[in-house]
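Participant: Next comes the structure file query-v9.cif, holding mmCIF, C-alpha atoms and all ligand atoms.
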```cif
data_structure
loop_
_atom_site.group_PDB
_atom_site.id
_atom_site.type_symbol
_atom_site.label_atom_id
_atom_site.label_comp_id
_atom_site.auth_asym_id
_atom_site.auth_seq_id
_atom_site.Cartn_x
_atom_site.Cartn_y
_atom_site.Cartn_z
ATOM 1 C CA MET Y 1 118.486 -84.807 148.724
ATOM 2 C CA CYS Y 2 120.752 -87.039 146.658
ATOM 3 C CA VAL Y 3 123.367 -89.035 148.484
ATOM 4 C CA ALA Y 4 125.338 -91.884 146.868
ATOM 5 C CA LYS Y 5 123.308 -94.964 147.570
ATOM 6 C CA LEU Y 6 124.558 -96.160 150.881
ATOM 7 C CA ARG Y 7 123.454 -99.632 151.893
ATOM 8 C CA ILE Y 8 121.375 -99.668 155.070
ATOM 9 C CA LEU Y 9 119.955 -102.568 157.049
ATOM 10 C CA VAL Y 10 116.894 -101.867 159.202
ATOM 11 C CA THR Y 11 116.526 -104.819 161.544
ATOM 12 C CA ARG Y 12 112.761 -104.517 162.244
ATOM 13 C CA ARG Y 13 109.825 -103.056 160.303
ATOM 14 C CA TRP Y 14 109.152 -99.346 160.887
ATOM 15 C CA PRO Y 15 105.885 -97.459 160.349
ATOM 16 C CA GLU Y 16 105.334 -97.239 156.595
ATOM 17 C CA ALA Y 17 105.740 -93.469 156.269
ATOM 18 C CA VAL Y 18 109.269 -93.481 157.692
ATOM 19 C CA GLU Y 19 110.292 -96.630 155.820
ATOM 20 C CA GLN Y 20 109.368 -94.792 152.626
ATOM 21 C CA GLU Y 21 111.238 -91.650 153.667
ATOM 22 C CA LEU Y 22 114.400 -93.608 154.342
ATOM 23 C CA ALA Y 23 114.121 -95.580 151.103
ATOM 24 C CA GLU Y 24 113.902 -92.368 149.048
ATOM 25 C CA ASP Y 25 117.604 -91.667 149.486
ATOM 26 C CA TYR Y 26 119.267 -94.963 150.291
ATOM 27 C CA ASP Y 27 119.484 -98.594 149.278
ATOM 28 C CA VAL Y 28 117.573 -99.986 152.244
ATOM 29 C CA THR Y 29 116.929 -103.565 153.283
ATOM 30 C CA PHE Y 30 114.065 -103.971 155.732
ATOM 31 C CA ASN Y 31 113.850 -107.230 157.621
ATOM 32 C CA GLU Y 32 110.601 -108.430 156.034
ATOM 33 C CA SER Y 33 110.136 -111.181 158.636
ATOM 34 C CA ASP Y 34 110.033 -108.531 161.411
ATOM 35 C CA LYS Y 35 111.522 -111.170 163.726
ATOM 36 C CA PRO Y 36 114.830 -110.562 165.537
ATOM 37 C CA LEU Y 37 117.812 -111.389 163.305
ATOM 38 C CA ASP Y 38 120.157 -113.978 164.794
ATOM 39 C CA GLN Y 39 123.654 -113.069 165.936
ATOM 40 C CA SER Y 40 125.399 -114.559 162.907
ATOM 41 C CA THR Y 41 123.145 -112.646 160.461
ATOM 42 C CA LEU Y 42 123.877 -109.430 162.353
ATOM 43 C CA ALA Y 43 127.606 -110.190 162.321
ATOM 44 C CA SER Y 44 127.574 -110.821 158.530
ATOM 45 C CA ALA Y 45 125.626 -107.594 158.050
ATOM 46 C CA MET Y 46 128.645 -105.708 159.410
ATOM 47 C CA ASN Y 47 130.384 -106.570 156.105
ATOM 48 C CA GLU Y 48 127.430 -106.016 153.801
ATOM 49 C CA TYR Y 49 126.043 -102.631 154.800
ATOM 50 C CA ASP Y 50 127.287 -99.109 155.499
ATOM 51 C CA VAL Y 51 124.722 -98.391 158.206
ATOM 52 C CA LEU Y 52 122.846 -100.668 160.575
ATOM 53 C CA CYS Y 53 119.623 -99.493 162.262
ATOM 54 C CA PRO Y 54 119.066 -101.814 165.217
ATOM 55 C CA THR Y 55 116.455 -101.686 167.975
ATOM 56 C CA VAL Y 56 116.306 -102.734 171.603
ATOM 57 C CA SER Y 57 115.346 -106.231 170.370
ATOM 58 C CA ASP Y 58 118.817 -106.756 168.842
ATOM 59 C CA ARG Y 59 121.995 -107.608 170.715
ATOM 60 C CA ILE Y 60 124.813 -105.729 169.009
ATOM 61 C CA ASP Y 61 127.563 -107.227 171.133
ATOM 62 C CA ALA Y 62 131.335 -107.253 170.597
ATOM 63 C CA ASP Y 63 131.124 -110.459 168.496
ATOM 64 C CA VAL Y 64 128.594 -108.902 166.136
ATOM 65 C CA ILE Y 65 130.714 -105.772 165.840
ATOM 66 C CA ALA Y 66 133.778 -107.911 165.102
ATOM 67 C CA GLY Y 67 131.807 -109.525 162.235
ATOM 68 C CA GLY Y 68 132.941 -107.052 159.568
ATOM 69 C CA ASP Y 69 134.436 -103.679 158.771
ATOM 70 C CA ARG Y 70 131.937 -102.040 156.434
ATOM 71 C CA VAL Y 71 129.349 -100.658 158.873
ATOM 72 C CA LYS Y 72 130.455 -97.247 160.096
ATOM 73 C CA LEU Y 73 127.220 -96.054 161.715
ATOM 74 C CA LEU Y 74 124.895 -97.803 164.152
ATOM 75 C CA ALA Y 75 121.806 -95.581 164.002
ATOM 76 C CA ASN Y 76 119.711 -97.016 166.802
ATOM 77 C CA TYR Y 77 115.926 -96.776 166.582
ATOM 78 C CA GLY Y 78 115.308 -96.010 170.271
ATOM 79 C CA VAL Y 79 116.738 -93.926 173.067
ATOM 80 C CA GLY Y 80 118.277 -96.704 175.202
ATOM 81 C CA PHE Y 81 121.508 -98.184 173.844
ATOM 82 C CA ASP Y 82 122.477 -100.738 176.481
ATOM 83 C CA HIS Y 83 122.073 -103.469 173.818
ATOM 84 C CA ILE Y 84 125.029 -102.047 171.882
ATOM 85 C CA ALA Y 85 128.655 -102.752 172.879
ATOM 86 C CA LEU Y 86 129.748 -99.108 172.793
ATOM 87 C CA GLU Y 87 133.396 -99.761 173.615
ATOM 88 C CA ALA Y 88 133.729 -102.270 170.787
ATOM 89 C CA ALA Y 89 132.043 -99.842 168.387
ATOM 90 C CA ARG Y 90 134.254 -96.998 169.518
ATOM 91 C CA ALA Y 91 137.383 -99.114 169.096
ATOM 92 C CA LYS Y 92 136.448 -99.723 165.438
ATOM 93 C CA GLY Y 93 135.570 -96.083 164.779
ATOM 94 C CA ILE Y 94 131.860 -96.871 164.380
ATOM 95 C CA ALA Y 95 129.567 -93.991 165.324
ATOM 96 C CA VAL Y 96 126.458 -94.731 167.407
ATOM 97 C CA THR Y 97 123.334 -92.550 167.498
ATOM 98 C CA ASN Y 98 119.977 -92.815 169.285
ATOM 99 C CA THR Y 99 116.596 -91.047 169.323
ATOM 100 C CA PRO Y 100 116.301 -88.968 172.507
ATOM 101 C CA GLY Y 101 113.467 -86.544 173.234
ATOM 102 C CA VAL Y 102 110.821 -87.772 170.820
ATOM 103 C CA LEU Y 103 109.655 -90.631 173.023
ATOM 104 C CA THR Y 104 109.653 -88.780 176.332
ATOM 105 C CA ASP Y 105 105.923 -87.973 176.443
ATOM 106 C CA ALA Y 106 104.764 -91.367 175.219
ATOM 107 C CA THR Y 107 106.905 -93.158 177.806
ATOM 108 C CA ALA Y 108 105.809 -90.824 180.611
ATOM 109 C CA ASP Y 109 102.176 -91.477 179.597
ATOM 110 C CA LEU Y 110 102.776 -95.209 179.798
ATOM 111 C CA THR Y 111 104.448 -94.841 183.193
ATOM 112 C CA MET Y 112 101.286 -93.146 184.454
ATOM 113 C CA THR Y 113 99.195 -95.879 182.798
ATOM 114 C CA LEU Y 114 101.083 -98.529 184.771
ATOM 115 C CA LEU Y 115 100.953 -96.507 187.971
ATOM 116 C CA LEU Y 116 97.200 -96.092 187.652
ATOM 117 C CA MET Y 117 96.606 -99.694 186.606
ATOM 118 C CA ALA Y 118 98.682 -101.018 189.505
ATOM 119 C CA THR Y 119 97.268 -98.733 192.183
ATOM 120 C CA ARG Y 120 93.653 -99.021 190.948
ATOM 121 C CA ARG Y 121 93.898 -102.753 190.218
ATOM 122 C CA GLY Y 122 92.905 -102.277 186.590
ATOM 123 C CA GLY Y 123 94.332 -105.606 185.427
ATOM 124 C CA GLU Y 124 92.560 -107.578 188.137
ATOM 125 C CA GLY Y 125 89.260 -105.850 187.358
ATOM 126 C CA GLU Y 126 89.563 -106.430 183.629
ATOM 127 C CA ARG Y 127 90.355 -110.111 184.092
ATOM 128 C CA GLU Y 128 87.389 -110.459 186.447
ATOM 129 C CA VAL Y 129 84.950 -108.902 183.951
ATOM 130 C CA ARG Y 130 86.245 -110.986 181.029
ATOM 131 C CA ALA Y 131 86.009 -114.161 183.107
ATOM 132 C CA GLY Y 132 82.349 -113.416 183.840
ATOM 133 C CA GLN Y 133 83.154 -113.268 187.560
ATOM 134 C CA TRP Y 134 81.980 -109.727 188.319
ATOM 135 C CA THR Y 135 79.068 -109.912 190.722
ATOM 136 C CA GLY Y 136 78.235 -106.185 190.753
ATOM 137 C CA TRP Y 137 79.152 -103.018 192.640
ATOM 138 C CA ARG Y 138 79.960 -103.291 196.318
ATOM 139 C CA PRO Y 139 81.710 -100.940 198.755
ATOM 140 C CA THR Y 140 84.718 -103.174 199.330
ATOM 141 C CA HIS Y 141 85.290 -104.435 195.819
ATOM 142 C CA LEU Y 142 88.894 -104.252 194.485
ATOM 143 C CA LEU Y 143 89.948 -101.313 196.613
ATOM 144 C CA GLY Y 144 93.166 -99.714 195.483
ATOM 145 C CA SER Y 145 95.185 -96.707 196.508
ATOM 146 C CA SER Y 146 94.678 -93.018 195.640
ATOM 147 C CA LEU Y 147 97.517 -91.091 194.033
ATOM 148 C CA HIS Y 148 96.533 -87.734 195.522
ATOM 149 C CA GLY Y 149 98.857 -86.708 198.357
ATOM 150 C CA LYS Y 150 101.170 -89.693 197.842
ATOM 151 C CA VAL Y 151 104.908 -89.409 197.288
ATOM 152 C CA LEU Y 152 106.165 -90.550 193.904
ATOM 153 C CA GLY Y 153 109.817 -91.549 194.179
ATOM 154 C CA LEU Y 154 111.659 -91.315 190.881
ATOM 155 C CA VAL Y 155 114.869 -93.281 190.512
ATOM 156 C CA GLY Y 156 116.773 -91.189 187.972
ATOM 157 C CA PHE Y 157 115.590 -87.733 186.985
ATOM 158 C CA GLY Y 158 116.169 -87.402 183.258
ATOM 159 C CA ARG Y 159 113.700 -86.332 180.589
ATOM 160 C CA ILE Y 160 111.222 -89.203 181.035
ATOM 161 C CA ALA Y 161 111.283 -89.008 184.837
ATOM 162 C CA GLN Y 162 110.626 -85.250 184.741
ATOM 163 C CA ALA Y 163 107.787 -85.656 182.239
ATOM 164 C CA THR Y 164 106.323 -88.324 184.542
ATOM 165 C CA ALA Y 165 106.707 -85.950 187.502
ATOM 166 C CA CYS Y 166 104.737 -83.237 185.646
ATOM 167 C CA ARG Y 167 101.906 -85.666 185.055
ATOM 168 C CA ALA Y 168 102.010 -86.956 188.631
ATOM 169 C CA ARG Y 169 101.802 -83.369 189.942
ATOM 170 C CA ALA Y 170 98.547 -82.983 188.033
ATOM 171 C CA PHE Y 171 97.273 -85.999 189.998
ATOM 172 C CA GLY Y 172 98.175 -84.228 193.262
ATOM 173 C CA MET Y 173 101.279 -86.295 193.993
ATOM 174 C CA LYS Y 174 104.422 -85.077 195.746
ATOM 175 C CA ILE Y 175 107.689 -85.641 193.924
ATOM 176 C CA ALA Y 176 110.946 -87.026 195.284
ATOM 177 C CA TYR Y 177 113.882 -88.221 193.226
ATOM 178 C CA TYR Y 178 117.204 -89.967 193.469
ATOM 179 C CA GLY Y 179 119.998 -89.143 191.061
ATOM 180 C CA ARG Y 180 123.717 -88.520 191.016
ATOM 181 C CA HIS Y 181 123.206 -84.765 191.309
ATOM 182 C CA PRO Y 182 120.351 -82.446 192.222
ATOM 183 C CA ALA Y 183 118.553 -81.436 189.022
ATOM 184 C CA ASP Y 184 118.626 -77.986 187.529
ATOM 185 C CA SER Y 185 116.910 -75.896 190.207
ATOM 186 C CA LYS Y 186 114.221 -74.414 187.931
ATOM 187 C CA CYS Y 187 112.950 -77.811 186.935
ATOM 188 C CA ALA Y 188 113.088 -79.234 190.476
ATOM 189 C CA CYS Y 189 111.345 -76.101 191.853
ATOM 190 C CA ASP Y 190 108.546 -76.123 189.281
ATOM 191 C CA LEU Y 191 107.862 -79.680 190.326
ATOM 192 C CA ASP Y 192 108.557 -78.932 193.981
ATOM 193 C CA ALA Y 193 110.754 -82.028 193.813
ATOM 194 C CA HIS Y 194 112.816 -83.201 196.760
ATOM 195 C CA PHE Y 195 116.279 -84.572 195.990
ATOM 196 C CA TYR Y 196 117.627 -87.662 197.783
ATOM 197 C CA PRO Y 197 121.330 -88.377 197.227
ATOM 198 C CA ASP Y 198 120.843 -91.852 198.727
ATOM 199 C CA LEU Y 199 118.754 -94.475 196.898
ATOM 200 C CA HIS Y 200 117.487 -96.274 199.984
ATOM 201 C CA ALA Y 201 116.516 -92.979 201.641
ATOM 202 C CA LEU Y 202 114.392 -92.188 198.570
ATOM 203 C CA LEU Y 203 112.840 -95.661 198.654
ATOM 204 C CA ARG Y 204 111.955 -95.250 202.338
ATOM 205 C CA ALA Y 205 110.281 -91.896 201.589
ATOM 206 C CA ALA Y 206 108.117 -92.945 198.620
ATOM 207 C CA ASP Y 207 104.668 -94.510 198.435
ATOM 208 C CA MET Y 208 105.167 -95.314 194.773
ATOM 209 C CA VAL Y 209 108.491 -95.765 193.021
ATOM 210 C CA SER Y 210 109.146 -95.405 189.309
ATOM 211 C CA LEU Y 211 112.417 -96.353 187.618
ATOM 212 C CA HIS Y 212 114.087 -94.114 185.032
ATOM 213 C CA VAL Y 213 117.718 -95.150 184.827
ATOM 214 C CA PRO Y 214 119.508 -96.571 181.788
ATOM 215 C CA GLY Y 215 120.176 -100.313 181.607
ATOM 216 C CA GLY Y 216 123.609 -101.915 181.577
ATOM 217 C CA THR Y 217 126.021 -103.239 184.142
ATOM 218 C CA GLN Y 218 125.969 -100.101 186.321
ATOM 219 C CA THR Y 219 122.259 -100.356 187.079
ATOM 220 C CA ARG Y 220 121.799 -104.159 186.988
ATOM 221 C CA HIS Y 221 119.719 -105.206 190.028
ATOM 222 C CA MET Y 222 119.845 -101.678 191.434
ATOM 223 C CA ILE Y 223 116.447 -102.640 192.829
ATOM 224 C CA ASP Y 224 117.536 -105.796 194.632
ATOM 225 C CA ALA Y 225 116.140 -107.499 197.751
ATOM 226 C CA ALA Y 226 117.708 -104.876 200.061
ATOM 227 C CA ALA Y 227 116.286 -101.998 198.011
ATOM 228 C CA ILE Y 228 112.843 -103.593 197.955
ATOM 229 C CA LYS Y 229 113.067 -104.121 201.711
ATOM 230 C CA ALA Y 230 113.828 -100.402 202.077
ATOM 231 C CA MET Y 231 110.569 -99.560 200.266
ATOM 232 C CA ARG Y 232 107.539 -98.767 202.405
ATOM 233 C CA GLU Y 233 105.155 -101.521 203.433
ATOM 234 C CA GLY Y 234 102.335 -101.472 200.859
ATOM 235 C CA ALA Y 235 104.320 -99.437 198.293
ATOM 236 C CA TYR Y 236 104.154 -99.875 194.518
ATOM 237 C CA LEU Y 237 106.946 -100.264 191.959
ATOM 238 C CA VAL Y 238 106.725 -99.238 188.302
ATOM 239 C CA ASN Y 239 109.382 -99.975 185.687
ATOM 240 C CA THR Y 240 109.391 -98.515 182.175
ATOM 241 C CA ALA Y 241 113.208 -98.322 182.013
ATOM 242 C CA ARG Y 242 115.021 -101.647 181.600
ATOM 243 C CA GLY Y 243 114.111 -105.052 183.034
ATOM 244 C CA GLU Y 244 117.533 -105.899 184.396
ATOM 245 C CA VAL Y 245 117.368 -102.937 186.813
ATOM 246 C CA VAL Y 246 115.072 -105.060 189.000
ATOM 247 C CA ASP Y 247 115.801 -108.385 190.690
ATOM 248 C CA HIS Y 248 112.531 -110.078 189.727
ATOM 249 C CA GLU Y 249 112.912 -112.949 192.216
ATOM 250 C CA ALA Y 250 113.078 -110.386 195.025
ATOM 251 C CA LEU Y 251 110.156 -108.499 193.504
ATOM 252 C CA ALA Y 252 108.055 -111.666 193.268
ATOM 253 C CA ASP Y 253 108.874 -112.443 196.945
ATOM 254 C CA ALA Y 254 107.758 -108.951 198.011
ATOM 255 C CA LEU Y 255 104.545 -109.110 195.969
ATOM 256 C CA THR Y 256 103.724 -112.573 197.273
ATOM 257 C CA GLY Y 257 104.562 -111.811 200.895
ATOM 258 C CA GLY Y 258 102.617 -108.544 200.891
ATOM 259 C CA HIS Y 259 105.509 -106.174 201.536
ATOM 260 C CA LEU Y 260 104.668 -104.483 198.224
ATOM 261 C CA ALA Y 261 101.022 -103.914 197.298
ATOM 262 C CA GLY Y 262 101.599 -104.021 193.574
ATOM 263 C CA ALA Y 263 103.827 -103.390 190.604
ATOM 264 C CA GLY Y 264 103.574 -102.361 186.979
ATOM 265 C CA LEU Y 265 106.178 -103.556 184.502
ATOM 266 C CA ASP Y 266 106.750 -102.768 180.831
ATOM 267 C CA VAL Y 267 110.267 -104.200 180.522
ATOM 268 C CA TYR Y 268 111.971 -107.503 181.368
ATOM 269 C CA PRO Y 269 115.559 -108.774 181.468
ATOM 270 C CA GLU Y 270 115.210 -111.278 178.595
ATOM 271 C CA GLU Y 271 112.379 -110.004 176.457
ATOM 272 C CA PRO Y 272 110.053 -111.362 175.259
ATOM 273 C CA LYS Y 273 110.352 -113.802 178.195
ATOM 274 C CA VAL Y 274 108.483 -112.683 181.320
ATOM 275 C CA PRO Y 275 109.712 -114.087 184.644
ATOM 276 C CA GLU Y 276 107.517 -117.137 185.325
ATOM 277 C CA ARG Y 277 106.645 -116.238 188.924
ATOM 278 C CA LEU Y 278 105.291 -112.838 187.930
ATOM 279 C CA LEU Y 279 102.871 -114.363 185.424
ATOM 280 C CA ALA Y 280 101.134 -116.122 188.303
ATOM 281 C CA LEU Y 281 100.719 -113.022 190.496
ATOM 282 C CA PRO Y 282 97.495 -110.985 190.374
ATOM 283 C CA ASN Y 283 99.017 -107.803 191.776
ATOM 284 C CA VAL Y 284 101.471 -107.075 188.998
ATOM 285 C CA VAL Y 285 100.494 -105.412 185.738
ATOM 286 C CA LEU Y 286 102.520 -106.785 182.825
ATOM 287 C CA LEU Y 287 102.778 -104.864 179.548
ATOM 288 C CA PRO Y 288 104.831 -105.861 176.480
ATOM 289 C CA HIS Y 289 107.407 -103.008 176.236
ATOM 290 C CA LEU Y 290 104.916 -100.413 174.983
ATOM 291 C CA GLY Y 291 106.628 -97.299 176.389
ATOM 292 C CA SER Y 292 107.109 -95.523 173.054
ATOM 293 C CA ALA Y 293 104.343 -97.340 171.185
ATOM 294 C CA THR Y 294 102.271 -94.557 169.677
ATOM 295 C CA ARG Y 295 102.042 -94.031 165.920
ATOM 296 C CA GLU Y 296 103.286 -90.446 166.285
ATOM 297 C CA THR Y 297 106.248 -91.428 168.437
ATOM 298 C CA ARG Y 298 107.361 -94.371 166.325
ATOM 299 C CA GLU Y 299 107.303 -92.134 163.242
ATOM 300 C CA ALA Y 300 109.234 -89.417 165.070
ATOM 301 C CA MET Y 301 111.806 -92.031 166.115
ATOM 302 C CA GLY Y 302 112.208 -93.052 162.476
ATOM 303 C CA ARG Y 303 112.688 -89.409 161.453
ATOM 304 C CA LYS Y 304 115.395 -88.993 164.106
ATOM 305 C CA VAL Y 305 117.221 -92.035 162.774
ATOM 306 C CA ILE Y 306 116.961 -90.625 159.239
ATOM 307 C CA ALA Y 307 118.273 -87.216 160.379
ATOM 308 C CA ASN Y 308 121.282 -88.908 161.940
ATOM 309 C CA ILE Y 309 121.953 -90.961 158.804
ATOM 310 C CA HIS Y 310 121.677 -87.857 156.591
ATOM 311 C CA ALA Y 311 124.071 -85.967 158.857
ATOM 312 C CA TRP Y 312 126.547 -88.841 158.779
ATOM 313 C CA ALA Y 313 126.232 -89.315 155.017
ATOM 314 C CA THR Y 314 126.908 -85.633 154.358
ATOM 315 C CA GLY Y 315 129.753 -85.273 156.835
ATOM 316 C CA GLN Y 316 127.885 -83.089 159.327
ATOM 317 C CA ASN Y 317 127.898 -83.359 163.106
ATOM 318 C CA LEU Y 318 125.660 -86.178 164.293
ATOM 319 C CA PRO Y 319 122.659 -84.670 166.131
ATOM 320 C CA ASP Y 320 122.342 -87.622 168.510
ATOM 321 C CA ALA Y 321 125.778 -89.203 168.832
ATOM 322 C CA VAL Y 322 126.169 -91.384 171.904
ATOM 323 C CA SER Y 323 129.822 -92.242 171.479
HETATM 324 C C1 LIG J 401 113.945 -97.205 173.881
HETATM 325 O O1 LIG J 401 113.801 -96.331 173.022
HETATM 326 O O2 LIG J 401 114.992 -97.361 174.474
HETATM 327 C C2 LIG J 401 112.771 -98.052 174.179
HETATM 328 O O3 LIG J 401 112.975 -98.936 175.184
HETATM 329 C C3 LIG J 401 112.248 -98.723 172.934
HETATM 330 O O4 LIG J 401 111.371 -97.797 172.402
#
```
Turn this file's structure into structure tokens for me.

Facilitator:
Amino acid sequence: MCVAKLRILVTRRWPEAVEQELAEDYDVTFNESDKPLDQSTLASAMNEYDVLCPTVSDRIDADVIAGGDRVKLLANYGVGFDHIALEAARAKGIAVTNTPGVLTDATADLTMTLLLMATRRGGEGEREVRAGQWTGWRPTHLLGSSLHGKVLGLVGFGRIAQATACRARAFGMKIAYYGRHPADSKCACDLDAHFYPDLHALLRAADMVSLHVPGGTQTRHMIDAAAIKAMREGAYLVNTARGEVVDHEALADALTGGHLAGAGLDVYPEEPKVPERLLALPNVVLLPHLGSATRETREAMGRKVIANIHAWATGQNLPDAVS
């Protein structure tokens, strides 16, 4: 394909294969440092490039968008777009795309990883072995909780939540979910999933809760002290969605006081910072935003971004427009 050389800025390094694919057709600048670009560099880029490919580690706020008039496409490398000021982009006629679908399985796998690590105390066990503190097998050592027969409460029931539900069914779990509407009946039936129109009712019904809602102001602290209080005594919380959905002070209180047995987190409100109190708690598993981190997925995400750029460059409908 030969498209006039559009100038593209990719804000973080991508897997090599997709960097090469993108560079075949465009004049691409990759951020060689692979460190987040500061706000003023991003703002200047709005005047220097035709397309910007940000990630969740960039903050494309209204000030950045006001930085220049040249960028006409924000082709996000990732499915979540709460780090992009959509209204500001829309007002300037800038299209925004994302990468839905291709990271569903990887993120559902990681949700199960966290659920298993939290309920089976995998982090505690690993730290014990590495510290040379394991004294051998004994009947009461690091007892966790079985998944079989337990209710998994999903907050949000989109693609990743449903893929998580499929996996959880294979572990013998029962599925309940909270969302704005009951899901398409075929999907909910296959999973034998029970719909709760009320968040706290779902939280009261679940042994383990997993979050699958987008970030942004509408879901900020959706899991606050009252929501955590509504959760069952000894329940677990897993978050592979966005950090700001959870009030981490309230979570730390519940993990310290014993109301919750454990938690597994992959996302935090101000990444890469991790709330200080959580770092000190043994019963929370902390991963560094690995939800989509498989080679296959990160390449597929790159290919989705490229497909959106090609569509935009050739005047076709954008496959993954979000605005
Ligand atoms: C996303 O795609 O939104 C993830 O959080 C980053 O992979």

Participant: With a distance cut-off of 8 Å and only C-alpha atoms, select the neighbouring residues of region 70-74 of chain Y, excluding the residue or stretch itself and same-chain residues fewer than 3 positions from it, and output the selection as a list of chain:residue names.

Facilitator: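 The neighbour list is Y:Ala45, Y:Met46, Y:Asn47, Y:Glu48, Y:Tyr49, Y:Asp50, Y:Val51, Y:Leu52, Y:Cys53, Y:Pro54, Y:Gly93, Y:Ile94, Y:Ala95, Y:Val96, Y:Thr97, Y:Ile309, Y:Trp312.
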
Participant: Determine, for each residue of chain Y having at least one atom at most 9 Å from an atom of ligand LIG 401 (chain J), the closest pair of atoms and their separation in Å to one decimal, counting only C-alpha atoms and all ligand atoms; order by chain and ascending number, as JSON lines.

Facilitator:
```
{"residue": "Y:Thr55", "atom": "CA", "partner": "J:LIG401", "partner_atom": "C3", "distance": 7.1}
{"residue": "Y:Val56", "atom": "CA", "partner": "J:LIG401", "partner_atom": "C3", "distance": 5.9}
{"residue": "Y:Ser57", "atom": "CA", "partner": "J:LIG401", "partner_atom": "C3", "distance": 8.5}
{"residue": "Y:Asn76", "atom": "CA", "partner": "J:LIG401", "partner_atom": "O1", "distance": 8.6}
{"residue": "Y:Tyr77", "atom": "CA", "partner": "J:LIG401", "partner_atom": "O1", "distance": 6.8}
{"residue": "Y:Gly78", "atom": "CA", "partner": "J:LIG401", "partner_atom": "O1", "distance": 3.2}
{"residue": "Y:Val79", "atom": "CA", "partner": "J:LIG401", "partner_atom": "O1", "distance": 3.8}
{"residue": "Y:Gly80", "atom": "CA", "partner": "J:LIG401", "partner_atom": "O2", "distance": 3.4}
{"residue": "Y:Phe81", "atom": "CA", "partner": "J:LIG401", "partner_atom": "O2", "distance": 6.6}
{"residue": "Y:Asp82", "atom": "CA", "partner": "J:LIG401", "partner_atom": "O2", "distance": 8.5}
{"residue": "Y:Asn98", "atom": "CA", "partner": "J:LIG401", "partner_atom": "O1", "distance": 8.0}
{"residue": "Y:Thr99", "atom": "CA", "partner": "J:LIG401", "partner_atom": "O1", "distance": 7.0}
{"residue": "Y:Pro100", "atom": "CA", "partner": "J:LIG401", "partner_atom": "O1", "distance": 7.8}
{"residue": "Y:Leu103", "atom": "CA", "partner": "J:LIG401", "partner_atom": "O1", "distance": 7.0}
{"residue": "Y:Thr107", "atom": "CA", "partner": "J:LIG401", "partner_atom": "O4", "distance": 8.4}
{"residue": "Y:Pro214", "atom": "CA", "partner": "J:LIG401", "partner_atom": "O2", "distance": 8.6}
{"residue": "Y:Thr240", "atom": "CA", "partner": "J:LIG401", "partner_atom": "O3", "distance": 7.9}
{"residue": "Y:Ala241", "atom": "CA", "partner": "J:LIG401", "partner_atom": "O3", "distance": 6.9}
{"residue": "Y:Arg242", "atom": "CA", "partner": "J:LIG401", "partner_atom": "O3", "distance": 7.3}
{"residue": "Y:Val267", "atom": "CA", "partner": "J:LIG401", "partner_atom": "O3", "distance": 8.0}
{"residue": "Y:His289", "atom": "CA", "partner": "J:LIG401", "partner_atom": "O3", "distance": 7.0}
{"residue": "Y:Leu290", "atom": "CA", "partner": "J:LIG401", "partner_atom": "O4", "distance": 7.4}
{"residue": "Y:Gly291", "atom": "CA", "partner": "J:LIG401", "partner_atom": "O4", "distance": 6.2}
{"residue": "Y:Ser292", "atom": "CA", "partner": "J:LIG401", "partner_atom": "O4", "distance": 4.9}
{"residue": "Y:Ala293", "atom": "CA", "partner": "J:LIG401", "partner_atom": "O4", "distance": 7.1}
{"residue": "Y:Arg298", "atom": "CA", "partner": "J:LIG401", "partner_atom": "O4", "distance": 8.0}
{"residue": "Y:Met301", "atom": "CA", "partner": "J:LIG401", "partner_atom": "O1", "distance": 8.4}
```

Participant: Mind listing whatever residues come within 12 Å of the point (107.7, -110.6, 157.6)? Use all atoms listed in the file, file coordinates, and give them as a ChimeraX atom specification.

Facilitator: /Y:11-14,30-37

Participant: What gap, in Å, lies between CA of Val305 (chain Y) and CA of Asn317 (chain Y)?

Facilitator: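 The value is 13.8 Å.
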
Participant: Spell out the residues picked by the PyMOL selection byres (((chain Y and resi 268) around 9) and not hetatm) here, as a PDB file with C-alpha atoms, keeping the file's coordinate frame.

Facilitator:
```pdb
ATOM      1  CA  ARG Y 242     115.021-101.647 181.600  1.00  0.00           C
ATOM      2  CA  GLY Y 243     114.111-105.052 183.034  1.00  0.00           C
ATOM      3  CA  GLU Y 244     117.533-105.899 184.396  1.00  0.00           C
ATOM      4  CA  VAL Y 245     117.368-102.937 186.813  1.00  0.00           C
ATOM      5  CA  VAL Y 246     115.072-105.060 189.000  1.00  0.00           C
ATOM      6  CA  HIS Y 248     112.531-110.078 189.727  1.00  0.00           C
ATOM      7  CA  LEU Y 265     106.178-103.556 184.502  1.00  0.00           C
ATOM      8  CA  ASP Y 266     106.750-102.768 180.831  1.00  0.00           C
ATOM      9  CA  VAL Y 267     110.267-104.200 180.522  1.00  0.00           C
ATOM     10  CA  PRO Y 269     115.559-108.774 181.468  1.00  0.00           C
ATOM     11  CA  GLU Y 270     115.210-111.278 178.595  1.00  0.00           C
ATOM     12  CA  GLU Y 271     112.379-110.004 176.457  1.00  0.00           C
ATOM     13  CA  PRO Y 272     110.053-111.362 175.259  1.00  0.00           C
ATOM     14  CA  LYS Y 273     110.352-113.802 178.195  1.00  0.00           C
ATOM     15  CA  VAL Y 274     108.483-112.683 181.320  1.00  0.00           C
ATOM     16  CA  PRO Y 275     109.712-114.087 184.644  1.00  0.00           C
ATOM     17  CA  PRO Y 288     104.831-105.861 176.480  1.00  0.00           C
ATOM     18  CA  HIS Y 289     107.407-103.008 176.236  1.00  0.00           C
TER      19      HIS Y 289
END
```

Participant: Which one of Y:Gly123, Y:Pro197, Y:Gly302, Y:Gly262 sits closest to His181 (chain Y) if you count all atoms listed in the file?

Facilitator: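 Checking each candidate against His181 (chain Y), we get Y:Pro197 as the closest.
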